[in-house]
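Colleague: The structure under discussion is supplied below as structure tokens; questions concerning it will follow.
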Amino acid sequence: MTETYFVGLDVSVKSAAICVIAGNPVLVAAIFPLPSARDAMAEEFAELDKQVRDQSRKDNVCRRLMTTPGVGAIVAMTFRVAIEGPKRLRSSKSVGACFGLTPWRNQSRQTDRVTSNTKAGDASVG
């Protein structure tokens, strides 16, 4: 009975799970629903991912953003939603600040060094 329930799992994981839960009805009741719950979540994630990709392909701005190496559907949609329109921000420099890409300033008496980015941007983007 337990052997057929763990179909699709790695052999080592399957054998370890069967050894752990064998003869313990509490563990059987707690662990048996987990693989089907994982499968249901994976199906839902795949559907949501497909919807995001489809929506990104329909939007001209997202399609343009996705031509940039490393920018996929999720990043393009996040950027599109966060910016909303070119009139939201005064200048292109404000876009970096919105996403937390502002330079870190190390200021002391006579020196003013600009170093790496702070990564402390708008919380709604994150």
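So you can find residues: chains in the structure tokens are A, B, ... in the order shown, residues in each start at 1, and ligands are numbered from 1 in order.
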Apply DSSP to the structure's backbone, then extract all residues of stretch 46-94 of chain A labelled helix (DSSP H, G or I) and return them as number ranges by chain.

Modeller: A: 46-58, 60-65, 73-83, 93-94

Colleague: Record the distance separating atom CA of A:Val95 and atom CA of A:Ser56, expressed in Å with one decimal.

Modeller: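 Value for the atom CA of A:Val95-atom CA of A:Ser56 distance: 20.3 Å.
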
Colleague: Work out how far atom CA of A:Met66 is from atom CA of A:Glu44, in Å to one decimal.

Modeller: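 Atom-to-atom, atom CA of A:Glu44 and atom CA of A:Met66 are spaced 23.9 Å apart.
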
Colleague: May I ask for the distance between atom CA of A:Lys58 and atom CA of A:Ser92, given in Å to one decimal place?

Modeller: 25.0 Å
